[in-house]
Amino acid sequence: MTGTVKFLFDNWLDLEILANSDVSSEQSAFPIENAYNANRRSKEWRSNGYFRVNAGANDIVFREEIGGPDLVASIAPGHYNSTTAFIAAVKAAFDAAGASTYTISHNGNYRFVFTSNGVGGDGIFEMLTTDAGSTGVGLLGLDDETDYTGALTYTADEMKIHTSEWILWDMAIESNPNFFGLIQERNKPINITPSAVMTLKGNPTNPADWSSPFFETTLEYNEQIITKVQELVFANQATRYWRFEITDQNPIGYIKAGAFGLGVLYFPVDGKPQFPYQLTPVDRSTTVTSEGGQTFSDVLEKTATHRFTYRFMSIQDKEDMEFNFDRFGTSKPFFVVIDQFEHIHSLVNRSIKYVKFADEPVFTIETPGKYNMSVNLREEL
Amino acid sequence: MTDIYRVWGAVAPDTGFDTSTELCDSKISKSNQIITMARIWVIGIADPVFTNLFMRVFSNRNGQPGKVLAQSSSVVTRTEMVDFLTQTGQYSAGCSYVMGIPFAFDNFNLKQDETYHFVLNANGYAPSEPAHLEWMKAYPDPPYREGTTVNLVSQSKNPYALIFQGAEI
């Protein structure tokens with residue numbers, strides 16, 4: 001086969017490699033470590049609602065008395081790593097500015113709900129979101145073209161699950177990958193919406209504001225894998241910190257990831273996979289036939305196996321593969337890029353798989369100093 | 001002449017059709033989904049004058065359109081509408097038509113069990129008696145004699161006066 005199959009044997013997103021790791025938010029049952037190296041892809045990280053409040057974009061003008069005065073709820077600037085914490089800050093801002101007591105909540109459609117008990121002032125509650133002083137309307141999903149008047153409870157117009165989410169990786173040393181991947185379960189479309197804005201950033205330091213990193217690339221949506229893969233390394237210069245950012249007002253209410261990959265792809269220098277490349281879709285469902293002749297199926301998840309045969313690998317390549325098989329065995333998963341240059345796939349994304357060795361690789365000597373190798377990989381679910 | 005096909009429509013407002021929410025179809029999304037296109041049928045009586053026909057999606061505020069959440073990334077012009085009919089690309093003044101119009105959206109997200117208001121707008125609209133626009137109704141109609149549902153059950157099972165293209169997420 002043309003091209004070269006490449007393996008991510010060194011996934012840097014591993015707690016044994018990373019000097020440090022930080023995440024914008026995570027649900028306690030779905031920590032970010034679930035998506036790091038050699039974990040099951042169905043074991044997820046789920047965001048918990050990260051809200052970054054900046055000074056100058058954090059005020060809501062409101063009234064408790066007919067005709068004024070205007071009160072200003074100023075949400076304390078800061079980083080809130082849960083929707084609950086952010087809601088508490090919004091409530092504190094309204095309570096501090098007004099005489100009524102306010103209840104802020106997130107409804108089932110992830111829209112903020114603002115309720116006044118009507119005790120303060122004239123017993124009214126008006127949110128003047130068209131006022132120039134209401135700089136926080138975007139933060140809360142409010143309408144800046146129409147004020148909210150005539151009731152004591154208002155529901156924001158837009159769904160807001162976060163301002164963004166990010167994951168920071170501190171490599172401790174200057175690092176420069178040529179592969180990034182984000183996947184979820186195999187047999188479902190990725191649960192990120194096509195309107196999501198995703199970036200991968202690299203910087204020598206960890207600034208408070210990552211708006212101008214040394215390296216930045218936009219990641220394109222794909223229903224199977226969010227990826228960037230290059231033959232050469234991403235950045236002109238290696239950097240210590242790498243960061244994935246995503247903004248996606250996702251209807252499921254959170255962002256999730258099953259497995260991340262970041263690192264430099266490995267491939268044998270001399271040997272190349274040969275045709276035929278054998279792809280075998282696997283359906284583990286069992287079907288039994290009843291006495292009446294009808295069939296009944298125990299529906300199970302589908303997967304696939306990929307078999308390659310390398311010829312004329314050098315001794316060094318063979319020993320590298322032996323070493324990596326010793327590391328991963330048949331029990332630990334890794335990313336593989338089967339067709340980076342899209343010779344036999346419509347899109348490189350479709351050729352990137354999260355696999356385990358299905359069998360032990362078999363090495364045979366073709367000629368002295370040159371090995372053949374047979375590898376069988378099974379996609380993980 | 002025998003009537004072989006009869007359609008009903010809601011008439012566009014005489015003024016303010018560029019911002020009006022009068023021509024509105026409300027839908028409750030029954031799943032999390034993405035909209036990339038919404039298709040409606042428009043009745044044009046005697047080649048009414050307008051510049052661009054477009055669609056906007058509003059949030060639900062107490063059952064009424066609230067904030068504009070999205071606007072179609074494509075528009076249809078009056079000339080395009082008439083050119084569709086002539087096949088020759090020649091403008092045919094004064095003709096009437098019933099046209100299926102696709103409006104593209106840039107991957108607009110719909111939340112499950114949330115209500116959205118799909119609103120038809122046109123700028124440069126200058127109706128005259130009898131030249132005007134109407135949004136064709138799905139009801140009354142042979143397939144939907146009993147009325148239509150507001151539930152957007154799925155993108156492939158919906159009354160045809162407003163159909164969607166996209167995907168569930």
# chains A, B, ... in the order shown; residues from 1 in each chain; ligands from 1
$ closest_atom_pairs --of "chain B" --to "chain A" --cutoff "9 Å" --atoms "only C-alpha atoms" --output "JSON lines"
{"residue": "B:Asn32", "atom": "CA", "partner": "A:Pro251", "partner_atom": "CA", "distance": 5.9}
{"residue": "B:Gln33", "atom": "CA", "partner": "A:Pro251", "partner_atom": "CA", "distance": 8.0}
{"residue": "B:Ile34", "atom": "CA", "partner": "A:Thr193", "partner_atom": "CA", "distance": 7.6}
{"residue": "B:Phe58", "atom": "CA", "partner": "A:Asp157", "partner_atom": "CA", "distance": 8.6}
{"residue": "B:Ser59", "atom": "CA", "partner": "A:Asp157", "partner_atom": "CA", "distance": 5.6}
{"residue": "B:Asn60", "atom": "CA", "partner": "A:Asp157", "partner_atom": "CA", "distance": 7.0}
{"residue": "B:Arg61", "atom": "CA", "partner": "A:Asp157", "partner_atom": "CA", "distance": 7.0}
{"residue": "B:Asn62", "atom": "CA", "partner": "A:Thr155", "partner_atom": "CA", "distance": 8.8}
{"residue": "B:Gly66", "atom": "CA", "partner": "A:Asp157", "partner_atom": "CA", "distance": 6.7}
{"residue": "B:Lys67", "atom": "CA", "partner": "A:Asp143", "partner_atom": "CA", "distance": 5.7}
{"residue": "B:Val68", "atom": "CA", "partner": "A:Asp143", "partner_atom": "CA", "distance": 8.4}
{"residue": "B:Leu69", "atom": "CA", "partner": "A:Glu158", "partner_atom": "CA", "distance": 7.4}
{"residue": "B:Asp106", "atom": "CA", "partner": "A:Ser195", "partner_atom": "CA", "distance": 7.3}
{"residue": "B:Asn107", "atom": "CA", "partner": "A:Ser195", "partner_atom": "CA", "distance": 5.7}
{"residue": "B:Phe108", "atom": "CA", "partner": "A:Ser195", "partner_atom": "CA", "distance": 7.3}
{"residue": "B:Asn109", "atom": "CA", "partner": "A:Pro251", "partner_atom": "CA", "distance": 7.0}
{"residue": "B:Leu110", "atom": "CA", "partner": "A:Pro251", "partner_atom": "CA", "distance": 6.9}
{"residue": "B:Lys111", "atom": "CA", "partner": "A:Pro251", "partner_atom": "CA", "distance": 4.8}
{"residue": "B:Gln112", "atom": "CA", "partner": "A:Pro251", "partner_atom": "CA", "distance": 7.2}
{"residue": "B:Asp113", "atom": "CA", "partner": "A:Asn109", "partner_atom": "CA", "distance": 7.7}
{"residue": "B:Glu114", "atom": "CA", "partner": "A:Asn109", "partner_atom": "CA", "distance": 6.6}
{"residue": "B:Ile169", "atom": "CA", "partner": "A:Asn191", "partner_atom": "CA", "distance": 6.1}
$ write_last_selection --atoms "C-alpha atoms" --output "PDB file, in the first residue's frame"
ATOM      1  CA  ASN B  32     -31.060  17.512  20.017  1.00  0.00           C
ATOM      2  CA  GLN B  33     -30.382  18.300  16.411  1.00  0.00           C
ATOM      3  CA  ILE B  34     -28.600  20.541  13.956  1.00  0.00           C
ATOM      4  CA  PHE B  58     -36.308  33.172  17.360  1.00  0.00           C
ATOM      5  CA  SER B  59     -36.061  31.983  20.923  1.00  0.00           C
ATOM      6  CA  ASN B  60     -39.239  31.206  22.797  1.00  0.00           C
ATOM      7  CA  ARG B  61     -40.296  33.861  25.281  1.00  0.00           C
ATOM      8  CA  ASN B  62     -43.585  32.993  26.919  1.00  0.00           C
ATOM      9  CA  GLY B  66     -38.066  36.486  21.677  1.00  0.00           C
ATOM     10  CA  LYS B  67     -34.511  36.960  20.507  1.00  0.00           C
ATOM     11  CA  VAL B  68     -33.159  36.268  17.044  1.00  0.00           C
ATOM     12  CA  LEU B  69     -30.986  33.191  17.452  1.00  0.00           C
ATOM     13  CA  ASP B 106     -24.881  27.510   9.427  1.00  0.00           C
ATOM     14  CA  ASN B 107     -25.372  24.475  11.643  1.00  0.00           C
ATOM     15  CA  PHE B 108     -27.939  25.918  13.994  1.00  0.00           C
ATOM     16  CA  ASN B 109     -28.390  23.821  17.148  1.00  0.00           C
ATOM     17  CA  LEU B 110     -31.840  22.845  18.394  1.00  0.00           C
ATOM     18  CA  LYS B 111     -32.186  21.710  22.003  1.00  0.00           C
ATOM     19  CA  GLN B 112     -34.470  18.811  22.804  1.00  0.00           C
ATOM     20  CA  ASP B 113     -37.916  19.861  24.105  1.00  0.00           C
ATOM     21  CA  GLU B 114     -37.192  23.510  23.389  1.00  0.00           C
ATOM     22  CA  ILE B 169     -26.653  14.954  17.714  1.00  0.00           C
TER      23      ILE B 169
END
$ residues_around --residues "B:Val57" --least-positions-apart "3" --cutoff "10 Å" --atoms "only C-alpha atoms" --output "PyMOL selection string"
chain B and resi 21+24-26+60+65-72+105+108+116-120
$ write_last_selection --atoms "C-alpha atoms" --output "PDB file, in the first residue's frame"
ATOM      1  CA  THR B  21     -42.695  38.091  13.334  1.00  0.00           C
ATOM      2  CA  CYS B  24     -44.170  32.376  12.148  1.00  0.00           C
ATOM      3  CA  ASP B  25     -44.204  28.628  12.503  1.00  0.00           C
ATOM      4  CA  SER B  26     -43.384  27.370  15.990  1.00  0.00           C
ATOM      5  CA  ASN B  60     -39.239  31.206  22.797  1.00  0.00           C
ATOM      6  CA  PRO B  65     -40.727  34.961  19.423  1.00  0.00           C
ATOM      7  CA  GLY B  66     -38.066  36.486  21.677  1.00  0.00           C
ATOM      8  CA  LYS B  67     -34.511  36.960  20.507  1.00  0.00           C
ATOM      9  CA  VAL B  68     -33.159  36.268  17.044  1.00  0.00           C
ATOM     10  CA  LEU B  69     -30.986  33.191  17.452  1.00  0.00           C
ATOM     11  CA  ALA B  70     -30.106  32.638  13.826  1.00  0.00           C
ATOM     12  CA  GLN B  71     -30.727  34.004  10.373  1.00  0.00           C
ATOM     13  CA  SER B  72     -30.574  31.997   7.191  1.00  0.00           C
ATOM     14  CA  PHE B 105     -28.393  27.769   8.078  1.00  0.00           C
ATOM     15  CA  PHE B 108     -27.939  25.918  13.994  1.00  0.00           C
ATOM     16  CA  TYR B 116     -38.253  27.627  18.383  1.00  0.00           C
ATOM     17  CA  HIS B 117     -40.060  30.119  16.192  1.00  0.00           C
ATOM     18  CA  PHE B 118     -39.261  30.033  12.480  1.00  0.00           C
ATOM     19  CA  VAL B 119     -40.124  33.394  10.982  1.00  0.00           C
ATOM     20  CA  LEU B 120     -40.316  34.381   7.333  1.00  0.00           C
TER      21      LEU B 120
END
$ select_by_dssp --residues "stretch 175-349 of chain A" --states "strand (DSSP E)" --output "PyMOL selection string"
chain A and resi 175+179-183+197-203+215-219+226-229+239-247+256-257+259-263+272-283+286-289+295-298+302-313+334-337
$ select_by_dssp --residues "stretch 10-161 of chain B" --states "alpha helix (DSSP H)" --output "number ranges by chain"
B: 78-86
$ closest_residue --among "A:Thr163, A:Ser28, A:Gln237, A:Ser82" --to "A:Asn54" --atoms "only C-alpha atoms"
A:Thr163
$ atom_distance --atom1 "atom CA of A:Arg350" --atom2 "atom CA of A:Leu300"
22.0 Å
$ closest_residue --among "A:Asn39, A:Thr239, A:Thr295, A:Ser105" --to "A:Lys356" --atoms "only C-alpha atoms"
A:Asn39
